[in-house]
Each structure stands twice: as structure tokens, then as C-alpha cells.
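Enquirer: Sharing a structure here in C-alpha cells format.
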Amino acid sequence: MPDAPHLQLQLQQSGLVRTSPAADPPSASPPAAAAGLTLTRQQAEQLALKNNPRISVGDLLARAQKEHVRVVRSAEFPTLNGELTGVDAEEASRISTGSLSASRLLYHVGAGVELDQLITDFGHTRNLVASSSFQAKASSQQADATREDIILTVDTAFYNALEAQATLQVAKSTVKARQDVGDQVNALTASKLKSTLDQSFAQVNLSQAKLLDLDAQNQYDAAMANLNEVLGTTNDDQYQLIDDPTPPDPVAPSAEGVITMALQQRPDLLAQKAAHESDVRFARAERDQLFPTISGLGDVGYTPVGSSEYFDSNWYGAAGVNVGIPIFNGFKYHSEAAEAGLRAKASDEQSRILINRIVRDVRTAWLKAQTAQQRMTVAAELVKEANTALDLADTRYRLGLSSIVELSQAQLQQTQAQIDDANARFDYEADIAALRFQSGSQP
């Protein structure tokens with residue numbers, strides 16, 4: 001954690017506070033420093049990925065879909081059931097109602113095992129398994145998309161809070177600088193060297209600075225509340241946010257390269273493509289219902305108790321093959337196949353819609369980041385010019401060559417320039433984070 005002088009030096013170098021007497025840097029750290037909690041962007045991302053419930057929801061849904069693949073694949077494996085039966089009945093009596101079969105009710109006790117193994121259904125089960133597997137892949141990609149969305153949300157909240165923290169620093173510096181000017185004007189007015197009009201202007205400027213400080217404090221607290229929500233906590237934690245000292249990444253030279261990258265690795269697009277493949281395989285599975293189903297059957301058991309008249313041997317067993325042929329069911333299978341095919345075509349069109357939206361969003365994010373980069377350069381120049389103008393106005397006022405109106409205007413311009421500089425810097429970093437998200441290259 002950097003100490004207060006080091007943090008102050010960083011603020012001076014970034015142009016957020018002036019070193020001239022007209023705008024002395026604030027002596028106190030941001031309110032968050034009192035809590036002793038520091039937070040970098042990388043730490044904020046790690047906390048959100050650990051605590052945000054949206055991450056847990058995405059992971060749980062992806063795991064649930066993987067289990068569903070096993071459920072569907074179970075149709076390819078044998079079904080083995082054990083049975084234990086004991087019957088006390090009127091010997092050889094028949095069921096008189098409820099069934100058309102001529103089965104007899106026999107007194108016996110027996111135990112056995114039944115085996116049912118699918119031999120082939122001409123691709124129906126295989127395509128169902130493939131459809132479920134692609135759906136599991138889509139769920140996994142959706143979990144990755146949620147993760148990237150959380151990272152973008154954290155980065156945006158972090159830079160908004162950094163911007164509010166920097167604005168609060170500017171506000172406190174402005175209050176101190178205008179308090180110093182007000183004290184000087186009050187002393188000069190008491191000595192009859194300045195008029196009460198100058199004293200009134202100084203007090204108005206000081207009141208404006210205090211209002212700016214109140215607004216900045218409110219924005220800072222609101223930004224912290226938003227950051228805590230993104231981090232997945234209900235606590236009212238106050239942080240001293242530490243920006244990365246390295247310069248922000250430059251904008252890519254063209255949007256086309258970013259678009260190519262996005263179409264290759266955006267997890268939401270990969271999820272949509274996997275969902276389309278799932279729909280295609282499901283449509284094939286629905287069509288395959290029209291084909292026969294061939295299954296192998298086996299039954300073996302032992303009846304230690306039973307009438308010798310009907311049970312010649314204590315052991316019984318049988319094996320066979322069953323062929324099920326769909327003949328007519330009111331065109332149900334035809335309609336299900338047609339419905340699934342239409343849904344597969346719709347999901348393909350949804351992929352095209354998503355691709356068009358991604359291309360638009362990447363171009364928009366690239367243009368916004370490029371403009372923000374230019375604004376950052378202009379804002380830095382504006383701070384230098386505003387500092388120079390304030391120095392000149394302060395000197396002219398002290399020499400009696402100008403009125404306090406000129407000094408007040410210069411103070412206002414410097415304060416606004418410092419706020420614009422902070423906004424430009426952190427808006428650019430937030431726009432770069434958004435561009436990383438749109439390209440699918442989040443860390």
C-alpha cells in the first residue's frame with residue numbers, strides 16, 4: 001500500500017492537483033484510506049469471480065447440463081432389473097377383468113433378473129446424446145460469457161469509482177485552495193487593501209467549492225455501493241482504489257482485426273453455435289423416430305416354491321429379440337421432426353443476428369475507445385493551460401492588475417479541467433475494458 005506522500009505525488013504527476021500556491025494539493029487521503037482497505041482492478045475481478053452469485057449460477061447450470069448428457073446416454077446401456085415375487089392365489093385362476101391376456105395366477109415364490117439392451121434404433125438415441133452434448137457445451141460457453149460479463153461489470157464499476165475518487169480529491173483540493181484565497185482576501189479587506197466586493201466573490205467561490213465537495217462525496221459513496229454490489233457483498237466496504245501505474249493499452253489500429261477476433265472467440269457466439277448444432281442433432285433424432293427399434297431381451301430366474309403341476313423346473317430363462325415398428329400415430333413423429341427442423345433453422349438465423357450485433361458492438365466500442373484516447377490527450381493539455389492561466393490570474397490579482405472575477409474564472413476553469421482530465425483518463429480505461437469484452441479477450 002503506497003504511503004500518503006507517494007499517493008500525493010502520483011496525483012500531482014497525473015495533473016489532478018496543482019503544486020502552485022493557488023491550488024495546493026490536499027493534505028488528506030481519500031476517505032477510504034481511513035478504512036485501511038486497498039483494492040486494485042485485478043483484485044476486484046478476483047473477488048467478483050469468487051463471490052458474485054451469477055458466477056455460481058452459470059457454473060451450476062453447466063454442471064447440471066453435463067449430468068443430463070449422462071441421462072440421455074443411459075439409453076445406450078443395458079437395463080438390468082432384479083425381481084422378487086411371491087403370490088398366494090386360487091390355483092390357476094384367471095384374471096377376469098382389466099386385461100385381455102390369458103395369464104394365470106399361480107401360487108409361487110420366485111426371484112429373477114430381466115435384461116433389456118437396445119441393439120439399434122437407427123440413430124435416434126445417438127443423435128439425442130449428441131444434441132445433449134452440444135447443449136452441455138453451449139451451457140459451458142454461457143458460463144464463460146457470464147464470467148466475462150462480470151469482469152466487464154467489475155472493470156466499469158472500478159473505473160467509475162476511481163473517477164469519483166479522483167473527483168473527490170479535486171474537490172477537496174479546490175476547497176483548500178479557495179479557502180486560502182478567501183483568507184487572504186479577508187485579510188486584505190480588513191487592511192482596506194481590497195473591497196468587500198472581492199470578499200463576497202471569494203466567499204461565493206468557496207461556497208461553490210464546498211458544494212462541489214458535497215456532490216463529489218455523494219458520487220464517491222454511490223460508486224462504492226455499486227462496486228460492493230458487483231463484488232458480491234452486502235457490506236458497506238470503503239476502499240482506497242489503486243490504479244494500474246502502467247499506461248493504458250492503446251486502441252487497436254483498426255476495428256476489422258478486433259471483429260475477426262470477436263467472431264472467433266466470443267463465448268456467447270460459441271454458445272449460440274453449439275446450441276444450433278444441438279438443435280440440428282435433435283431434429284435428426286426426431287426424424288429417426290420413424291425407423292424401427294431393435295432390442296435384445298433376456299430373463300432368468302429361480303422358483304423354489306411352486307406347484308409341481310405348473311413348475312416342471314425350479315429354473316426358468318428365455319432370450320429373444322424385439323423389433324418395434326412405428327406404423328401410424330396420427331402423424332405425431334412427422335410433426336415432431338418438422339417442428340425440430342424449423343427450430344434448427346431458427347437457431348441458425350439467431351446465430352446470424354448475434355454475429356451482426358457483435359460486429360456492430362465491436363465497431364461502436366472501437367470508435368468510442370479511439371475518441372476517448374484522443375480526449376485523454378486533449379484533457380491533459382487543458383489541465384496544463386488551465387494551471388498556467390490560474391498562475392497568471394493569481395499573479396495579476398496579487399499585483400492589483402485584475403479583478404477577482406478574473407481569478408474566480410481561472411479557478412473555475414482549473415477545477416473543471418482537472419475533473420475533465422480524471423474523467424478522460426478513467427473513461428478511456430473503461431472503454432478499453434469494454435473493447436476487450438467485445439473482442440472476447442478478457443483476461
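Identifiers in this document derive from the order of the C-alpha cells: chains are assigned A, B, ..., residues are numbered from 1 separately in each chain, and ligands are numbered from 1 in order of occurrence.
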Quick one: residues within 9 Å of Lys66 (chain A), only C-alpha atoms counted, chain neighbours fewer than 4 positions away excluded, as a PyMOL selection string?
Expert: chain A and resi 61-62+70+132-133+135-137+139
Enquirer: Please give the complete set of residues from region 114-237 of chain A that DSSP, run on the backbone, assigns to strand (DSSP E), formatted as a PyMOL selection string.
Expert: chain A and resi 114-120
Enquirer: Pick from A:Ala318, A:Ala166, A:Leu263, A:Ala283: nearest to Arg352 (chain A), with only C-alpha atoms counted?
Expert: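 Of A:Ala318, A:Ala166, A:Leu263, A:Ala283, the one nearest Arg352 (chain A) is A:Leu263, counting only C-alpha atoms.
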Enquirer: Might you pull out every residue within 12 Å of Asp288 (chain A), with only C-alpha atoms counted and same-chain residues fewer than 3 positions away left off, and present them as a CSV table (one decimal) with N, CA and C atoms, in the first residue's frame?
Expert:
```
chain,number,residue,atom,x,y,z
A,120,THR,N,-30.3,-51.4,-31.8
A,120,THR,CA,-30.2,-50.2,-32.7
A,120,THR,C,-31.6,-49.5,-32.8
A,121,ASP,N,-31.6,-48.3,-32.9
A,121,ASP,CA,-32.8,-47.5,-33.2
A,121,ASP,C,-32.5,-46.6,-34.4
A,122,PHE,N,-31.4,-47.0,-35.2
A,122,PHE,CA,-31.1,-46.3,-36.4
A,122,PHE,C,-30.8,-44.8,-36.2
A,123,GLY,N,-30.1,-44.5,-35.1
A,123,GLY,CA,-29.5,-43.1,-34.9
A,123,GLY,C,-30.3,-42.3,-34.0
A,124,HIS,N,-31.5,-42.7,-33.5
A,124,HIS,CA,-32.3,-41.9,-32.7
A,124,HIS,C,-31.6,-41.5,-31.4
A,125,THR,N,-31.2,-42.5,-30.6
A,125,THR,CA,-30.6,-42.3,-29.4
A,125,THR,C,-29.2,-41.6,-29.5
A,126,ARG,N,-28.5,-42.0,-30.6
A,126,ARG,CA,-27.2,-41.4,-30.8
A,126,ARG,C,-27.3,-39.9,-31.0
A,127,ASN,N,-28.3,-39.5,-31.8
A,127,ASN,CA,-28.4,-38.1,-32.1
A,127,ASN,C,-29.0,-37.4,-30.9
A,128,LEU,N,-29.8,-38.0,-30.0
A,128,LEU,CA,-30.2,-37.4,-28.8
A,128,LEU,C,-29.0,-37.1,-27.9
A,281,ARG,N,-29.0,-31.8,-34.3
A,281,ARG,CA,-28.9,-33.2,-33.9
A,281,ARG,C,-30.3,-33.6,-33.3
A,282,PHE,N,-31.0,-32.7,-32.6
A,282,PHE,CA,-32.3,-33.1,-32.1
A,282,PHE,C,-33.3,-33.3,-33.2
A,283,ALA,N,-33.2,-32.5,-34.3
A,283,ALA,CA,-34.1,-32.6,-35.4
A,283,ALA,C,-33.8,-34.0,-36.1
A,284,ARG,N,-32.6,-34.4,-36.2
A,284,ARG,CA,-32.3,-35.7,-36.7
A,284,ARG,C,-32.9,-36.8,-35.9
A,285,ALA,N,-32.7,-36.6,-34.5
A,285,ALA,CA,-33.3,-37.7,-33.6
A,285,ALA,C,-34.8,-37.8,-33.8
A,291,PHE,N,-38.0,-44.8,-37.8
A,291,PHE,CA,-37.4,-46.0,-38.1
A,291,PHE,C,-37.7,-47.1,-37.0
A,292,PRO,N,-37.5,-48.3,-37.3
A,292,PRO,CA,-37.7,-49.4,-36.2
A,292,PRO,C,-36.7,-49.3,-35.1
A,293,THR,N,-37.1,-49.9,-34.0
A,293,THR,CA,-36.2,-50.1,-32.8
A,293,THR,C,-36.1,-51.5,-32.5
A,325,ILE,N,-41.9,-51.5,-34.7
A,325,ILE,CA,-42.0,-50.7,-36.0
A,325,ILE,C,-43.2,-49.7,-35.9
A,326,PRO,N,-42.9,-48.4,-36.0
A,326,PRO,CA,-43.9,-47.4,-35.9
A,326,PRO,C,-44.7,-47.5,-37.2
A,333,TYR,N,-44.9,-38.3,-35.2
A,333,TYR,CA,-43.5,-38.3,-35.5
A,333,TYR,C,-43.1,-37.3,-36.6
A,334,HIS,N,-43.9,-37.3,-37.6
A,334,HIS,CA,-43.7,-36.4,-38.8
A,334,HIS,C,-43.7,-34.9,-38.3
A,336,GLU,N,-43.3,-33.8,-35.2
A,336,GLU,CA,-42.2,-33.5,-34.3
A,336,GLU,C,-40.9,-33.3,-35.0
A,337,ALA,N,-40.7,-34.1,-36.1
A,337,ALA,CA,-39.5,-33.9,-36.9
A,337,ALA,C,-39.5,-32.6,-37.6
A,338,ALA,N,-40.7,-32.2,-38.2
A,338,ALA,CA,-40.8,-30.9,-38.9
A,338,ALA,C,-40.6,-29.7,-37.9
A,340,ALA,N,-38.9,-29.7,-35.1
A,340,ALA,CA,-37.5,-29.6,-34.7
A,340,ALA,C,-36.6,-29.1,-35.8
```
Enquirer: Grab the CA of Ile151 (chain A) to CA of Ala434 (chain A) distance for me, in Å with one decimal place.
Expert: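 Computing the Euclidean distance for CA of Ile151 (chain A) and CA of Ala434 (chain A) yields 9.8 Å.
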Enquirer: Taking the DSSP assignment computed from this structure's backbone, write out as a count of residues only all residues of region 282-440 of chain A that belong to helix (DSSP H, G or I).
Expert: 110
Enquirer: Taking only C-alpha atoms into account, produce a table as CSV in which each residue of region 111-177 of chain A with an atom at most 12 Å from an atom of region 38-58 of chain A appears once, together with its shortest atom pair and the distance in Å to one decimal, ordered by chain and rising number.
Expert:
```
residue,atom,partner,partner_atom,distance
A:Ala136,CA,A:Gly58,CA,11.8
A:Ala138,CA,A:Gly58,CA,11.3
A:Ser139,CA,A:Gly58,CA,7.8
A:Ser140,CA,A:Gly58,CA,8.0
A:Gln141,CA,A:Gly58,CA,9.5
A:Gln142,CA,A:Gly58,CA,7.1
A:Ala143,CA,A:Gly58,CA,4.6
A:Asp144,CA,A:Gly58,CA,8.1
A:Ala145,CA,A:Gly58,CA,9.1
A:Thr146,CA,A:Ile55,CA,6.7
A:Arg147,CA,A:Ile55,CA,6.3
A:Glu148,CA,A:Leu49,CA,9.6
A:Asp149,CA,A:Arg54,CA,9.8
A:Ile150,CA,A:Ala48,CA,7.2
A:Ile151,CA,A:Glu45,CA,5.8
A:Leu152,CA,A:Glu45,CA,8.9
A:Thr153,CA,A:Glu45,CA,9.2
A:Val154,CA,A:Glu45,CA,6.2
A:Asp155,CA,A:Arg41,CA,6.7
A:Thr156,CA,A:Arg41,CA,9.9
A:Ala157,CA,A:Ala44,CA,9.7
A:Phe158,CA,A:Arg41,CA,6.6
A:Tyr159,CA,A:Arg41,CA,8.4
A:Asn160,CA,A:Arg41,CA,11.6
A:Ala161,CA,A:Arg41,CA,10.9
A:Leu162,CA,A:Arg41,CA,10.0
```
Enquirer: So, counting only C-alpha atoms, which residue among A:Ala177, A:Ala262, A:Leu80, A:Ala92 is closest to Arg363 (chain A)?
Expert: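 Among A:Ala177, A:Ala262, A:Leu80, A:Ala92, it is A:Ala262 that comes nearest to Arg363 (chain A).
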Enquirer: Quick one: everything within 12 Å of Leu354 (chain A), counting only C-alpha atoms, minus sequence neighbours fewer than 5 positions away in the same chain. Send it as a ChimeraX atom specification.
Expert: /A:262-263,266-273,347-349,359-361
Enquirer: Extract, using only C-alpha atoms, all DNA, RNA and protein residues at most 8 Å from region 413-430 of chain A, discarding same-chain residues fewer than 2 positions from it, and format them as an MDAnalysis selection string.
Expert: chainID A and resid 15:17 155:156 159:160 162:163 166:167 170:171 174 248 369 372:373 375:376 379:380 382:383 386:387 390 409:411 432:434
Enquirer: Let's have the selection written as a compact mmCIF listing (two decimals), in the first residue's frame, with N, CA, C and O atoms.
Expert:
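Saved result, result31.txt, follows:
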```
# COMPACT_ATOMS: atom_id res chain seq x y z
N GLY A 15 -1.69 15.26 -12.94
CA GLY A 15 -2.36 16.51 -13.22
C GLY A 15 -3.65 16.72 -12.48
O GLY A 15 -4.42 17.61 -12.81
N LEU A 16 -3.93 15.88 -11.46
CA LEU A 16 -5.19 16.02 -10.75
C LEU A 16 -5.14 17.13 -9.71
O LEU A 16 -6.18 17.63 -9.30
N VAL A 17 -3.95 17.49 -9.23
CA VAL A 17 -3.82 18.60 -8.28
C VAL A 17 -2.67 19.47 -8.75
O VAL A 17 -1.73 19.01 -9.41
N ASP A 155 -14.89 -4.05 -13.99
CA ASP A 155 -13.98 -3.03 -14.51
C ASP A 155 -14.69 -1.68 -14.63
O ASP A 155 -14.14 -0.63 -14.26
N THR A 156 -15.92 -1.71 -15.14
CA THR A 156 -16.67 -0.46 -15.28
C THR A 156 -16.94 0.17 -13.93
O THR A 156 -16.76 1.39 -13.74
N TYR A 159 -13.59 1.60 -12.46
CA TYR A 159 -13.13 2.86 -13.04
C TYR A 159 -14.10 4.00 -12.72
O TYR A 159 -13.67 5.16 -12.59
N ASN A 160 -15.38 3.70 -12.61
CA ASN A 160 -16.32 4.74 -12.17
C ASN A 160 -15.99 5.19 -10.75
O ASN A 160 -16.05 6.39 -10.43
N LEU A 162 -13.02 4.90 -9.33
CA LEU A 162 -11.75 5.63 -9.41
C LEU A 162 -11.97 7.08 -9.86
O LEU A 162 -11.36 8.01 -9.34
N GLU A 163 -12.87 7.24 -10.83
CA GLU A 163 -13.20 8.58 -11.31
C GLU A 163 -13.82 9.42 -10.19
O GLU A 163 -13.49 10.59 -10.01
N ALA A 166 -11.06 10.34 -7.72
CA ALA A 166 -10.22 11.43 -8.22
C ALA A 166 -10.97 12.76 -8.18
O ALA A 166 -10.39 13.80 -7.84
N THR A 167 -12.26 12.74 -8.53
CA THR A 167 -13.06 13.97 -8.48
C THR A 167 -13.16 14.48 -7.05
O THR A 167 -13.11 15.70 -6.80
N VAL A 170 -10.01 16.24 -6.25
CA VAL A 170 -10.00 17.58 -6.87
C VAL A 170 -10.88 18.53 -6.06
O VAL A 170 -10.52 19.70 -5.82
N ALA A 171 -12.04 18.05 -5.62
CA ALA A 171 -12.96 18.90 -4.86
C ALA A 171 -12.33 19.36 -3.55
O ALA A 171 -12.43 20.53 -3.17
N THR A 174 -9.73 21.86 -4.27
CA THR A 174 -10.34 23.15 -4.63
C THR A 174 -10.83 23.89 -3.39
O THR A 174 -10.65 25.12 -3.27
N PRO A 248 -2.37 2.89 -20.00
CA PRO A 248 -3.41 2.02 -20.57
C PRO A 248 -3.02 1.52 -21.95
O PRO A 248 -2.23 2.15 -22.65
N ALA A 369 -13.54 3.98 -27.90
CA ALA A 369 -12.22 3.94 -27.27
C ALA A 369 -11.25 4.87 -28.00
O ALA A 369 -10.41 5.53 -27.36
N ALA A 372 -12.05 8.34 -26.92
CA ALA A 372 -11.62 8.54 -25.54
C ALA A 372 -10.11 8.72 -25.45
O ALA A 372 -9.62 9.50 -24.62
N GLN A 373 -9.38 8.02 -26.29
CA GLN A 373 -7.92 8.18 -26.30
C GLN A 373 -7.54 9.60 -26.72
O GLN A 373 -6.64 10.22 -26.14
N ARG A 375 -9.51 12.25 -26.41
CA ARG A 375 -9.96 13.16 -25.35
C ARG A 375 -8.97 13.18 -24.20
O ARG A 375 -8.79 14.22 -23.55
N MET A 376 -8.35 12.05 -23.91
CA MET A 376 -7.39 12.00 -22.82
C MET A 376 -6.20 12.91 -23.10
O MET A 376 -5.72 13.62 -22.21
N ALA A 379 -7.45 16.54 -22.80
CA ALA A 379 -7.72 16.90 -21.41
C ALA A 379 -6.42 17.17 -20.65
O ALA A 379 -6.37 18.08 -19.80
N ALA A 380 -5.37 16.42 -20.94
CA ALA A 380 -4.08 16.66 -20.28
C ALA A 380 -3.53 18.03 -20.68
O ALA A 380 -2.97 18.76 -19.84
N LEU A 382 -5.36 20.52 -21.59
CA LEU A 382 -6.25 21.51 -20.97
C LEU A 382 -5.84 21.79 -19.53
O LEU A 382 -5.89 22.94 -19.07
N VAL A 383 -5.44 20.76 -18.79
CA VAL A 383 -5.00 20.96 -17.41
C VAL A 383 -3.76 21.86 -17.36
O VAL A 383 -3.67 22.77 -16.52
N ALA A 386 -4.87 25.40 -18.11
CA ALA A 386 -5.65 25.96 -17.00
C ALA A 386 -4.75 26.30 -15.82
O ALA A 386 -4.95 27.33 -15.15
N ASN A 387 -3.74 25.46 -15.55
CA ASN A 387 -2.80 25.75 -14.47
C ASN A 387 -2.02 27.03 -14.76
O ASN A 387 -1.81 27.88 -13.88
N LEU A 390 -4.28 30.04 -14.37
CA LEU A 390 -4.53 30.36 -12.96
C LEU A 390 -3.32 31.02 -12.32
O LEU A 390 -3.47 31.96 -11.51
N GLN A 409 -12.72 33.09 -12.39
CA GLN A 409 -12.91 32.36 -13.64
C GLN A 409 -11.77 31.39 -13.87
O GLN A 409 -11.98 30.24 -14.32
N ALA A 410 -10.55 31.81 -13.56
CA ALA A 410 -9.40 30.93 -13.75
C ALA A 410 -9.46 29.73 -12.79
O ALA A 410 -9.10 28.60 -13.16
N GLN A 411 -9.91 29.99 -11.54
CA GLN A 411 -10.06 28.89 -10.59
C GLN A 411 -11.09 27.88 -11.08
O GLN A 411 -10.89 26.66 -11.00
N ILE A 432 -11.52 0.80 -22.92
CA ILE A 432 -10.61 -0.28 -23.32
C ILE A 432 -11.10 -1.61 -22.75
O ILE A 432 -11.06 -2.65 -23.42
N ALA A 433 -11.61 -1.60 -21.50
CA ALA A 433 -12.16 -2.83 -20.91
C ALA A 433 -13.38 -3.30 -21.71
O ALA A 433 -13.56 -4.50 -21.94
N ALA A 434 -14.21 -2.36 -22.14
CA ALA A 434 -15.38 -2.72 -22.95
C ALA A 434 -14.96 -3.30 -24.30
O ALA A 434 -15.57 -4.25 -24.81
```
Enquirer: Could you name the residues that touch Ala393 (chain A) at 9 Å or less, counting only C-alpha atoms, but leaving out those on the same chain fewer than 2 positions away, as a ChimeraX atom specification?
Expert: /A:388-391,395-398,402,404,406-411
Enquirer: Residues of the last selection are to be written out with N, CA, C and O atoms, as a CSV table (one decimal), in the first residue's frame.
Expert:
```
chain,number,residue,atom,x,y,z
A,388,THR,N,-1.6,27.2,-16.0
A,388,THR,CA,-0.8,28.4,-16.4
A,388,THR,C,-1.7,29.6,-16.3
A,388,THR,O,-1.3,30.7,-15.8
A,389,ALA,N,-3.0,29.5,-16.8
A,389,ALA,CA,-3.9,30.6,-16.7
A,389,ALA,C,-4.2,31.0,-15.3
A,389,ALA,O,-4.2,32.2,-14.9
A,390,LEU,N,-4.3,30.0,-14.4
A,390,LEU,CA,-4.5,30.4,-13.0
A,390,LEU,C,-3.3,31.0,-12.3
A,390,LEU,O,-3.5,32.0,-11.5
A,391,ASP,N,-2.1,30.6,-12.7
A,391,ASP,CA,-0.9,31.2,-12.1
A,391,ASP,C,-0.9,32.7,-12.5
A,391,ASP,O,-0.6,33.6,-11.7
A,395,THR,N,-1.3,35.9,-10.1
A,395,THR,CA,-0.2,36.9,-10.0
A,395,THR,C,-0.8,38.3,-10.3
A,395,THR,O,-0.5,39.3,-9.6
A,396,ARG,N,-1.6,38.4,-11.4
A,396,ARG,CA,-2.2,39.7,-11.7
A,396,ARG,C,-3.1,40.2,-10.6
A,396,ARG,O,-3.1,41.4,-10.3
A,397,TYR,N,-3.8,39.3,-9.9
A,397,TYR,CA,-4.7,39.8,-8.9
A,397,TYR,C,-3.9,40.3,-7.7
A,397,TYR,O,-4.2,41.3,-7.1
A,398,ARG,N,-2.8,39.6,-7.3
A,398,ARG,CA,-2.0,40.0,-6.2
A,398,ARG,C,-1.3,41.3,-6.5
A,398,ARG,O,-1.1,42.1,-5.5
A,402,SER,N,-5.8,43.1,-11.9
A,402,SER,CA,-7.1,42.5,-12.4
A,402,SER,C,-8.0,42.4,-11.2
A,402,SER,O,-7.6,42.5,-10.1
A,404,ILE,N,-11.1,40.2,-9.0
A,404,ILE,CA,-11.3,38.9,-8.5
A,404,ILE,C,-12.1,38.0,-9.4
A,404,ILE,O,-12.1,36.8,-9.4
A,406,GLU,N,-11.7,37.8,-12.6
A,406,GLU,CA,-10.7,37.0,-13.5
A,406,GLU,C,-10.1,35.9,-12.8
A,406,GLU,O,-10.0,34.8,-13.3
A,407,LEU,N,-9.8,36.1,-11.5
A,407,LEU,CA,-9.2,35.0,-10.7
A,407,LEU,C,-10.2,33.9,-10.5
A,407,LEU,O,-9.9,32.7,-10.6
A,408,SER,N,-11.5,34.2,-10.2
A,408,SER,CA,-12.5,33.2,-10.0
A,408,SER,C,-12.7,32.4,-11.2
A,408,SER,O,-12.9,31.2,-11.2
A,409,GLN,N,-12.7,33.1,-12.4
A,409,GLN,CA,-12.9,32.4,-13.6
A,409,GLN,C,-11.8,31.4,-13.9
A,409,GLN,O,-12.0,30.2,-14.3
A,410,ALA,N,-10.6,31.8,-13.6
A,410,ALA,CA,-9.4,30.9,-13.7
A,410,ALA,C,-9.5,29.7,-12.8
A,410,ALA,O,-9.1,28.6,-13.2
A,411,GLN,N,-9.9,30.0,-11.5
A,411,GLN,CA,-10.1,28.9,-10.6
A,411,GLN,C,-11.1,27.9,-11.1
A,411,GLN,O,-10.9,26.7,-11.0
```
Enquirer: Taking only C-alpha atoms into account, which of A:Gly317, A:Gly440, A:Gly324, A:Pro304 comes nearest Ile358 (chain A)?
Expert: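 The answer is A:Gly440, which sits nearest to Ile358 (chain A).
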Enquirer: Excluding Gln184 (chain A) and any residue of its chain fewer than 5 positions from it, enumerate the residues within 10 Å of it, using only C-alpha atoms, and give them as a PyMOL selection string.
Expert: chain A and resi 178-179+189-190+194+199+202+398
Enquirer: Just to confirm, what's the straight-line distance from CA of Ala223 (chain A) to CA of Pro247 (chain A) in Å (one decimal)?
Expert: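 CA of Ala223 (chain A) sits 23.3 Å away from CA of Pro247 (chain A).
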